[in-house]
>>> print(open('query-v7.cif').read())   # mmCIF, C-alpha atoms
data_start
#
loop_
_atom_site.group_PDB
_atom_site.id
_atom_site.type_symbol
_atom_site.label_atom_id
_atom_site.label_comp_id
_atom_site.auth_asym_id
_atom_site.auth_seq_id
_atom_site.Cartn_x
_atom_site.Cartn_y
_atom_site.Cartn_z
ATOM 1 C CA MET A 30 11.051 -20.495 19.090
ATOM 2 C CA LEU A 31 7.473 -21.157 18.030
ATOM 3 C CA ALA A 32 6.613 -21.951 14.434
ATOM 4 C CA PRO A 33 5.243 -18.825 12.728
ATOM 5 C CA GLY A 34 1.482 -18.681 12.639
ATOM 6 C CA LEU A 35 -1.423 -16.257 12.572
ATOM 7 C CA TYR A 36 -0.154 -14.082 15.442
ATOM 8 C CA HIS A 37 3.235 -13.538 13.811
ATOM 9 C CA ILE A 38 1.623 -12.342 10.596
ATOM 10 C CA LEU A 39 -0.804 -10.128 12.500
ATOM 11 C CA PHE A 40 2.206 -8.634 14.321
ATOM 12 C CA ILE A 41 3.874 -7.847 10.986
ATOM 13 C CA SER A 42 0.745 -6.299 9.521
ATOM 14 C CA THR A 43 0.094 -4.201 12.635
ATOM 15 C CA ALA A 44 3.688 -2.958 12.636
ATOM 16 C CA LEU A 45 3.454 -2.163 8.922
ATOM 17 C CA PHE A 46 0.187 -0.272 9.459
ATOM 18 C CA PHE A 47 1.654 1.948 12.170
ATOM 19 C CA ILE A 48 4.869 2.512 10.218
ATOM 20 C CA GLY A 49 2.581 3.804 7.471
ATOM 21 C CA VAL A 50 0.704 5.975 9.974
ATOM 22 C CA TYR A 51 4.003 7.408 11.250
ATOM 23 C CA GLY A 52 5.044 8.267 7.692
ATOM 24 C CA PHE A 53 1.641 9.807 7.032
ATOM 25 C CA PHE A 54 2.029 12.063 10.096
ATOM 26 C CA THR A 55 5.634 13.176 9.550
ATOM 27 C CA ARG A 56 6.009 13.507 5.791
ATOM 28 C CA ARG A 57 5.326 16.822 4.103
ATOM 29 C CA ASN A 58 5.808 15.747 0.489
ATOM 30 C CA LEU A 59 2.715 14.449 -1.325
ATOM 31 C CA ILE A 60 4.510 11.545 -3.031
ATOM 32 C CA THR A 61 5.912 10.230 0.245
ATOM 33 C CA ILE A 62 2.447 10.539 1.813
ATOM 34 C CA LEU A 63 1.165 8.388 -1.055
ATOM 35 C CA MET A 64 3.895 5.820 -0.280
ATOM 36 C CA SER A 65 2.737 5.672 3.354
ATOM 37 C CA VAL A 66 -0.828 5.065 2.169
ATOM 38 C CA GLU A 67 0.421 2.181 0.031
ATOM 39 C CA LEU A 68 2.095 0.648 3.095
ATOM 40 C CA ILE A 69 -1.176 0.914 5.047
ATOM 41 C CA LEU A 70 -3.149 -0.733 2.236
ATOM 42 C CA ASN A 71 -0.592 -3.541 2.038
ATOM 43 C CA SER A 72 -0.885 -4.252 5.741
ATOM 44 C CA VAL A 73 -4.647 -4.600 5.305
ATOM 45 C CA ASN A 74 -4.129 -7.046 2.433
ATOM 46 C CA LEU A 75 -1.740 -9.111 4.551
ATOM 47 C CA ASN A 76 -4.373 -9.282 7.295
ATOM 48 C CA PHE A 77 -7.064 -10.490 4.910
ATOM 49 C CA ILE A 78 -4.823 -13.235 3.502
ATOM 50 C CA ALA A 79 -3.673 -14.370 6.958
ATOM 51 C CA PHE A 80 -7.240 -14.635 8.277
ATOM 52 C CA ASN A 81 -8.283 -16.476 5.143
ATOM 53 C CA LYS A 82 -5.441 -18.973 5.438
ATOM 54 C CA TYR A 83 -5.469 -19.675 9.167
ATOM 55 C CA LEU A 84 -9.109 -19.216 10.228
ATOM 56 C CA TRP A 85 -11.372 -19.832 7.219
ATOM 57 C CA PRO A 86 -9.443 -21.987 4.738
ATOM 58 C CA ASP A 87 -12.765 -23.419 3.464
ATOM 59 C CA LYS A 88 -13.635 -20.108 1.778
ATOM 60 C CA LEU A 89 -11.808 -17.778 -0.578
ATOM 61 C CA ASP A 90 -13.495 -14.514 0.453
ATOM 62 C CA GLY A 91 -10.407 -12.898 2.013
ATOM 63 C CA LEU A 92 -8.494 -13.553 -1.165
ATOM 64 C CA PHE A 93 -11.169 -11.814 -3.253
ATOM 65 C CA PHE A 94 -11.193 -8.817 -0.937
ATOM 66 C CA THR A 95 -7.419 -8.615 -1.385
ATOM 67 C CA ILE A 96 -7.720 -8.731 -5.160
ATOM 68 C CA PHE A 97 -10.320 -5.940 -5.162
ATOM 69 C CA ILE A 98 -8.286 -3.829 -2.727
ATOM 70 C CA ILE A 99 -5.232 -4.174 -4.979
ATOM 71 C CA ALA A 100 -7.285 -3.066 -8.006
ATOM 72 C CA ILE A 101 -8.735 -0.075 -6.132
ATOM 73 C CA ALA A 102 -5.287 0.854 -4.757
ATOM 74 C CA ALA A 103 -3.889 0.885 -8.287
ATOM 75 C CA ALA A 104 -6.693 3.211 -9.438
ATOM 76 C CA GLU A 105 -6.180 5.405 -6.359
ATOM 77 C CA ALA A 106 -2.425 5.694 -6.953
ATOM 78 C CA ALA A 107 -2.958 6.632 -10.603
ATOM 79 C CA VAL A 108 -5.509 9.347 -9.777
ATOM 80 C CA ALA A 109 -3.373 10.662 -6.902
ATOM 81 C CA ILE A 110 -0.325 10.970 -9.131
ATOM 82 C CA ALA A 111 -2.368 12.750 -11.805
ATOM 83 C CA ILE A 112 -3.494 15.249 -9.138
ATOM 84 C CA ILE A 113 0.086 15.645 -7.848
ATOM 85 C CA ILE A 114 1.432 16.373 -11.328
ATOM 86 C CA ASN A 115 -1.344 18.887 -11.933
ATOM 87 C CA LEU A 116 -0.571 20.537 -8.579
ATOM 88 C CA TYR A 117 3.113 20.721 -9.500
ATOM 89 C CA ARG A 118 2.181 22.511 -12.732
ATOM 90 C CA SER A 119 0.225 25.204 -10.930
ATOM 91 C CA HIS A 120 2.296 25.574 -7.721
ATOM 92 C CA HIS A 121 5.804 24.376 -8.763
ATOM 93 C CA SER A 122 5.925 22.428 -5.506
ATOM 94 C CA ILE A 123 4.258 19.338 -4.055
ATOM 95 C CA ASP A 124 4.615 20.142 -0.371
ATOM 96 C CA VAL A 125 1.380 20.130 1.569
ATOM 97 C CA GLU A 126 2.269 23.510 3.114
ATOM 98 C CA ASN A 127 2.086 25.170 -0.305
ATOM 99 C CA ALA A 128 -1.294 23.707 -1.251
ATOM 100 C CA GLU A 129 -3.642 25.408 1.195
ATOM 101 C CA GLU A 130 -6.194 27.268 -0.920
ATOM 102 C CA MET A 131 -8.983 24.975 0.263
ATOM 103 C CA LYS A 132 -7.861 24.921 3.889
ATOM 104 C CA TYR A 133 -10.259 27.448 5.386
ATOM 105 C CA MET B 28 14.363 -24.279 13.745
ATOM 106 C CA SER B 29 13.100 -25.388 10.368
ATOM 107 C CA GLY B 30 13.879 -23.812 7.020
ATOM 108 C CA SER B 31 10.352 -22.457 6.685
ATOM 109 C CA THR B 32 10.706 -20.557 9.970
ATOM 110 C CA ILE B 33 14.031 -19.065 8.918
ATOM 111 C CA VAL B 34 12.556 -17.932 5.595
ATOM 112 C CA PHE B 35 9.592 -16.396 7.414
ATOM 113 C CA PHE B 36 11.751 -14.358 9.768
ATOM 114 C CA MET B 37 14.015 -13.224 6.927
ATOM 115 C CA LEU B 38 10.994 -12.022 4.934
ATOM 116 C CA ALA B 39 9.518 -10.305 7.998
ATOM 117 C CA THR B 40 12.799 -8.511 8.719
ATOM 118 C CA LEU B 41 13.160 -7.413 5.100
ATOM 119 C CA THR B 42 9.590 -6.082 5.017
ATOM 120 C CA LEU B 43 9.692 -4.185 8.303
ATOM 121 C CA ILE B 44 13.197 -2.714 8.002
ATOM 122 C CA SER B 45 12.660 -1.469 4.472
ATOM 123 C CA ALA B 46 9.259 -0.061 5.469
ATOM 124 C CA VAL B 47 10.870 1.881 8.339
ATOM 125 C CA LEU B 48 13.593 3.174 6.033
ATOM 126 C CA ALA B 49 10.991 4.122 3.402
ATOM 127 C CA VAL B 50 9.203 6.450 5.813
ATOM 128 C CA THR B 51 12.323 7.898 7.483
ATOM 129 C CA THR B 52 14.920 8.476 4.753
ATOM 130 C CA ARG B 53 15.272 12.043 3.546
ATOM 131 C CA GLN B 54 16.043 11.247 -0.075
ATOM 132 C CA ILE B 55 12.787 10.641 -1.897
ATOM 133 C CA PHE B 56 14.216 8.335 -4.544
ATOM 134 C CA ARG B 57 15.685 6.076 -1.861
ATOM 135 C CA ALA B 58 12.299 6.071 -0.145
ATOM 136 C CA ALA B 59 10.754 4.727 -3.361
ATOM 137 C CA ILE B 60 13.390 1.987 -3.639
ATOM 138 C CA PHE B 61 12.900 0.944 0.015
ATOM 139 C CA LEU B 62 9.148 0.844 -0.600
ATOM 140 C CA LEU B 63 9.888 -1.494 -3.530
ATOM 141 C CA PHE B 64 11.810 -3.877 -1.240
ATOM 142 C CA SER B 65 9.053 -3.757 1.353
ATOM 143 C CA LEU B 66 6.461 -4.691 -1.283
ATOM 144 C CA ILE B 67 8.693 -7.529 -2.497
ATOM 145 C CA GLY B 68 8.923 -8.782 1.097
ATOM 146 C CA ILE B 69 5.129 -8.793 1.359
ATOM 147 C CA ALA B 70 4.907 -10.728 -1.918
ATOM 148 C CA GLY B 71 7.391 -13.204 -0.399
ATOM 149 C CA LEU B 72 5.102 -13.566 2.635
ATOM 150 C CA TYR B 73 2.213 -14.408 0.288
ATOM 151 C CA PHE B 74 4.426 -17.036 -1.354
ATOM 152 C CA TRP B 75 5.313 -18.330 2.117
ATOM 153 C CA MET B 76 1.602 -18.703 2.930
ATOM 154 C CA GLN B 77 1.210 -20.565 -0.405
ATOM 155 C CA TYR B 78 -1.129 -18.016 -1.952
ATOM 156 C CA GLU B 79 0.828 -17.944 -5.196
ATOM 157 C CA PHE B 80 -1.816 -16.145 -7.240
ATOM 158 C CA ILE B 81 -2.003 -13.197 -4.837
ATOM 159 C CA ALA B 82 1.798 -13.073 -4.687
ATOM 160 C CA ALA B 83 1.957 -12.876 -8.485
ATOM 161 C CA VAL B 84 -0.708 -10.148 -8.524
ATOM 162 C CA GLN B 85 1.216 -8.249 -5.824
ATOM 163 C CA ILE B 86 4.444 -8.380 -7.842
ATOM 164 C CA VAL B 87 2.760 -7.394 -11.114
ATOM 165 C CA VAL B 88 0.573 -4.577 -9.764
ATOM 166 C CA TYR B 89 2.574 -3.125 -6.859
ATOM 167 C CA VAL B 90 6.203 -3.886 -7.687
ATOM 168 C CA GLY B 91 5.824 -3.568 -11.440
ATOM 169 C CA GLY B 92 3.118 -0.919 -11.646
ATOM 170 C CA ILE B 93 2.674 1.401 -8.694
ATOM 171 C CA THR B 94 6.371 1.689 -7.789
ATOM 172 C CA VAL B 95 7.300 2.529 -11.373
ATOM 173 C CA LEU B 96 4.486 5.111 -11.420
ATOM 174 C CA ILE B 97 5.821 6.658 -8.183
ATOM 175 C CA ILE B 98 9.397 6.761 -9.534
ATOM 176 C CA PHE B 99 8.151 8.434 -12.720
ATOM 177 C CA SER B 100 6.309 11.083 -10.765
ATOM 178 C CA ILE B 101 9.409 11.670 -8.600
ATOM 179 C CA PHE B 102 11.415 12.359 -11.749
ATOM 180 C CA LEU B 103 8.706 14.677 -13.050
ATOM 181 C CA THR B 104 8.374 16.750 -9.891
ATOM 182 C CA GLN B 105 11.643 16.597 -7.932
ATOM 183 C CA GLN B 106 15.189 17.774 -8.453
ATOM 184 C CA ALA B 107 17.318 14.613 -8.494
ATOM 185 C CA GLY B 108 19.524 14.081 -5.463
ATOM 186 C CA GLU B 109 17.934 16.880 -3.481
ATOM 187 C CA LYS B 110 17.263 16.090 0.162
ATOM 188 C CA MET B 111 13.916 16.810 1.702
ATOM 189 C CA PRO B 112 13.961 19.423 4.484
ATOM 190 C CA LYS B 113 14.407 18.161 8.005
ATOM 191 C CA GLN B 114 11.264 17.678 10.071
ATOM 192 C CA GLN B 115 10.708 19.414 13.359
ATOM 193 C CA ILE B 116 11.785 17.116 16.154
ATOM 194 C CA GLY B 117 8.586 17.780 18.105
ATOM 195 C CA ARG B 118 6.389 16.595 15.270
ATOM 196 C CA GLN B 119 8.514 13.482 14.823
ATOM 197 C CA MET B 120 8.346 12.666 18.521
ATOM 198 C CA PHE B 121 4.581 13.188 18.600
ATOM 199 C CA SER B 122 4.041 11.007 15.520
ATOM 200 C CA ALA B 123 6.276 8.220 16.843
ATOM 201 C CA LEU B 124 4.462 8.334 20.182
ATOM 202 C CA ALA B 125 1.018 8.212 18.521
ATOM 203 C CA ALA B 126 2.046 5.339 16.249
ATOM 204 C CA PHE B 127 3.610 3.412 19.125
ATOM 205 C CA CYS B 128 0.551 3.875 21.353
ATOM 206 C CA GLY B 129 -1.727 2.610 18.610
ATOM 207 C CA PHE B 130 0.580 -0.338 17.989
ATOM 208 C CA ALA B 131 0.714 -1.248 21.702
ATOM 209 C CA LEU B 132 -3.073 -0.997 22.030
ATOM 210 C CA ILE B 133 -3.690 -3.271 19.050
ATOM 211 C CA MET B 134 -1.087 -5.828 20.170
ATOM 212 C CA LEU B 135 -2.571 -5.948 23.687
ATOM 213 C CA GLN B 136 -6.036 -6.598 22.284
ATOM 214 C CA LEU B 137 -4.620 -9.179 19.885
ATOM 215 C CA TYR B 138 -2.851 -11.260 22.511
ATOM 216 C CA LYS B 139 -5.886 -11.196 24.808
ATOM 217 C CA HIS B 140 -8.102 -12.484 22.000
ATOM 218 C CA SER B 141 -8.063 -16.133 20.966
ATOM 219 C CA PHE B 142 -9.186 -16.974 17.461
ATOM 220 C CA THR B 143 -11.108 -20.142 16.669
ATOM 221 C CA ALA B 144 -10.470 -21.647 13.269
ATOM 222 C CA THR B 145 -13.109 -23.451 11.265
ATOM 223 C CA THR B 146 -12.979 -27.224 10.961
ATOM 224 C CA GLU B 147 -14.375 -27.430 7.433
ATOM 225 C CA PRO B 148 -12.120 -29.008 4.786
ATOM 226 C CA ALA B 149 -9.884 -26.424 3.123
ATOM 227 C CA ILE B 150 -10.210 -25.183 -0.460
ATOM 228 C CA GLU B 151 -6.944 -24.886 -2.344
ATOM 229 C CA PRO B 152 -6.438 -21.276 -3.569
ATOM 230 C CA THR B 153 -5.663 -22.416 -7.106
ATOM 231 C CA VAL B 154 -6.321 -20.287 -10.167
ATOM 232 C CA VAL B 155 -9.166 -22.623 -11.230
ATOM 233 C CA ASN B 156 -11.030 -22.186 -7.919
ATOM 234 C CA ILE B 157 -10.388 -18.433 -7.877
ATOM 235 C CA GLY B 158 -11.591 -17.978 -11.464
ATOM 236 C CA ASN B 159 -14.720 -20.082 -10.990
ATOM 237 C CA GLN B 160 -15.760 -18.161 -7.903
ATOM 238 C CA MET B 161 -14.778 -14.726 -9.173
ATOM 239 C CA LEU B 162 -16.904 -14.951 -12.311
ATOM 240 C CA GLY B 163 -19.694 -17.027 -10.741
ATOM 241 C CA VAL B 164 -23.200 -15.560 -10.493
ATOM 242 C CA GLU B 165 -24.610 -18.136 -8.040
ATOM 243 C CA GLN B 166 -24.465 -17.874 -4.239
ATOM 244 C CA GLY B 167 -21.008 -16.638 -3.187
ATOM 245 C CA GLY B 168 -19.944 -15.576 -6.665
ATOM 246 C CA TYR B 169 -18.100 -12.315 -7.193
ATOM 247 C CA ALA B 170 -19.291 -11.381 -10.702
ATOM 248 C CA LEU B 171 -21.009 -8.131 -9.629
ATOM 249 C CA PRO B 172 -18.019 -6.674 -7.667
ATOM 250 C CA PHE B 173 -15.808 -7.705 -10.576
ATOM 251 C CA GLU B 174 -17.915 -5.621 -12.988
ATOM 252 C CA VAL B 175 -18.069 -2.699 -10.544
ATOM 253 C CA VAL B 176 -14.269 -2.691 -10.223
ATOM 254 C CA SER B 177 -13.998 -2.785 -14.029
ATOM 255 C CA ILE B 178 -16.171 0.342 -14.258
ATOM 256 C CA LEU B 179 -14.114 1.969 -11.489
ATOM 257 C CA LEU B 180 -10.853 1.297 -13.324
ATOM 258 C CA LEU B 181 -12.318 2.765 -16.526
ATOM 259 C CA ALA B 182 -13.488 5.845 -14.620
ATOM 260 C CA ALA B 183 -10.038 6.218 -13.017
ATOM 261 C CA LEU B 184 -8.375 5.950 -16.437
ATOM 262 C CA ILE B 185 -10.572 8.693 -17.914
ATOM 263 C CA GLY B 186 -10.245 10.787 -14.751
ATOM 264 C CA CYS B 187 -6.440 10.630 -14.881
ATOM 265 C CA ILE B 188 -6.404 11.855 -18.467
ATOM 266 C CA VAL B 189 -8.828 14.688 -17.657
ATOM 267 C CA ILE B 190 -6.944 15.782 -14.530
ATOM 268 C CA ALA B 191 -3.401 15.548 -15.865
ATOM 269 C CA ALA B 192 -4.162 17.268 -19.198
ATOM 270 C CA SER B 193 -4.008 21.014 -18.721
ATOM 271 C CA PRO B 194 -7.339 22.672 -19.435
ATOM 272 C CA ASN B 195 -7.282 24.903 -22.501
ATOM 273 C CA PRO B 196 -10.692 25.383 -24.111
ATOM 274 C CA SER B 197 -9.392 27.681 -26.856
ATOM 275 C CA ASN B 198 -8.032 24.849 -28.999
ATOM 276 C CA GLY B 199 -11.230 22.820 -28.887
ATOM 277 C CA GLY B 200 -10.336 20.733 -25.865
ATOM 278 C CA ALA B 201 -7.342 19.148 -27.560
ATOM 279 C CA LEU B 202 -4.465 18.202 -25.306
ATOM 280 C CA GLU B 203 -2.009 20.989 -24.802
ATOM 281 C CA LYS B 204 1.720 20.600 -24.973
ATOM 282 C CA PRO B 205 3.209 20.678 -21.458
ATOM 283 C CA GLN B 206 4.288 24.184 -20.632
ATOM 284 C CA ILE B 207 7.920 24.887 -19.891
ATOM 285 C CA LEU B 208 8.200 25.540 -16.205
ATOM 286 C CA LYS B 209 9.877 28.588 -14.802
ATOM 287 C CA LYS B 210 12.669 27.706 -12.435
#
>>> encode(input="query-v7.cif", output="structure tokens")
Amino acid sequence: MLAPGLYHILFISTALFFIGVYGFFTRRNLITILMSVELILNSVNLNFIAFNKYLWPDKLDGLFFTIFIIAIAAAEAAVAIAIIINLYRSHHSIDVENAEEMKY
Amino acid sequence: MSGSTIVFFMLATLTLISAVLAVTTRQIFRAAIFLLFSLIGIAGLYFWMQYEFIAAVQIVVYVGGITVLIIFSIFLTQQAGEKMPKQQIGRQMFSALAAFCGFALIMLQLYKHSFTATTEPAIEPTVVNIGNQMLGVEQGGYALPFEVVSILLLAALIGCIVIAASPNPSNGGALEKPQILKK
């Protein structure tokens, strides 16, 4: 078997991305949708690090993008959970089917 | 097969299997725990690629921060041990098909494409190099994005407090005690 390299890591990150997409399509609970989004963001981070390591090891730009994505993902998760808790207060449920006032 | 290869495939298996379980299990608390293992597997992959700083950041922010936040919000909004309702089989089939088609498309493109690596000498991703470039203001420095992200985090902090506090202007904008929910 070949030694693991760039293509193996790209395979993992692609698989992780589409696992996240599958969860995003099927889940109906807001917290589990948020978990799927975290998986998608992590696959992007893995891609940035792999490209930085195997294709452009003379620069650190992929690493900085990863750091900023992690910071923005943390802010996004905090705001999303604040919204979810507020929604639970007003609707007593966090299913997407019950939060449809702004749908039409 | 060398030890490094074995470690890589173990980490990859851990990451992918726990990610699949995190999006398919019907108990939400278990989903959070599987997500935790998946994030740990990704941190292990960063260690395997010898990007130790990013791996440490991943463990501190994702494993230590976001997962704990998600578990807290599960306890605040969910009845413990309750299973989520079953999904319609048609929707599951459609989603799996869409995800698999996207995956196949990307993998086809990926194996047709050949990447060319640079031949410049490599920079070690040590904390000294990262710190010097992150706070540098010369060509290639990341001081401006760093400040912008600081402002964003401050805005998110204030926004969370404003959103999660229930609005009650009668007591002068002071934070209200959480109301007891009707069952």
>>> atom_distance(input="query-v7.cif", atom1="CA of Tyr36 (chain A)", atom2="CA of Ala125 (chain B)")
22.5 Å
>>> residues_around(input="query-v7.cif", residues="region 79-96 of chain A", least_positions_apart="2", cutoff="10 Å", atoms="all atoms listed in the file", output="PyMOL selection string")
(chain A and resi 34-39+42+70-71+73-77+98-102) or (chain B and resi 72-73+76-78+80-81+84-85+142-152+156-157+160-161+167-169+172-173)
>>> atom_distance(input="query-v7.cif", atom1="CA of Leu68 (chain A)", atom2="CA of Ala58 (chain B)")
12.0 Å
>>> resolve_selection(input="query-v7.cif", expression="the PyMOL selection byres ((chain A) within 7 of (chain B))", output="PyMOL selection string")
chain A and resi 32-33+41+43-45+47-48+50-52+54-55+65+83-88+103-104+106-108+110-112+114-115+117
>>> atom_distance(input="query-v7.cif", atom1="CA of Val90 (chain B)", atom2="CA of Phe64 (chain B)")
8.5 Å
>>> axis_aligned_box(input="query-v7.cif", around="region 100-103 of chain A", padding_each_side="5 Å", output="lines of an AutoDock Vina configuration file")
center_x = -6.3
center_y = -1.1
center_z = -6.5
size_x = 14.8
size_y = 14.0
size_z = 13.5
>>> resolve_selection(input="query-v7.cif", expression="the PyMOL selection byres ((chain A and resi 124) around 8)", output="JSON, numbers by chain")
{"A": [57, 58, 59, 122, 123, 125, 126, 127, 128]}
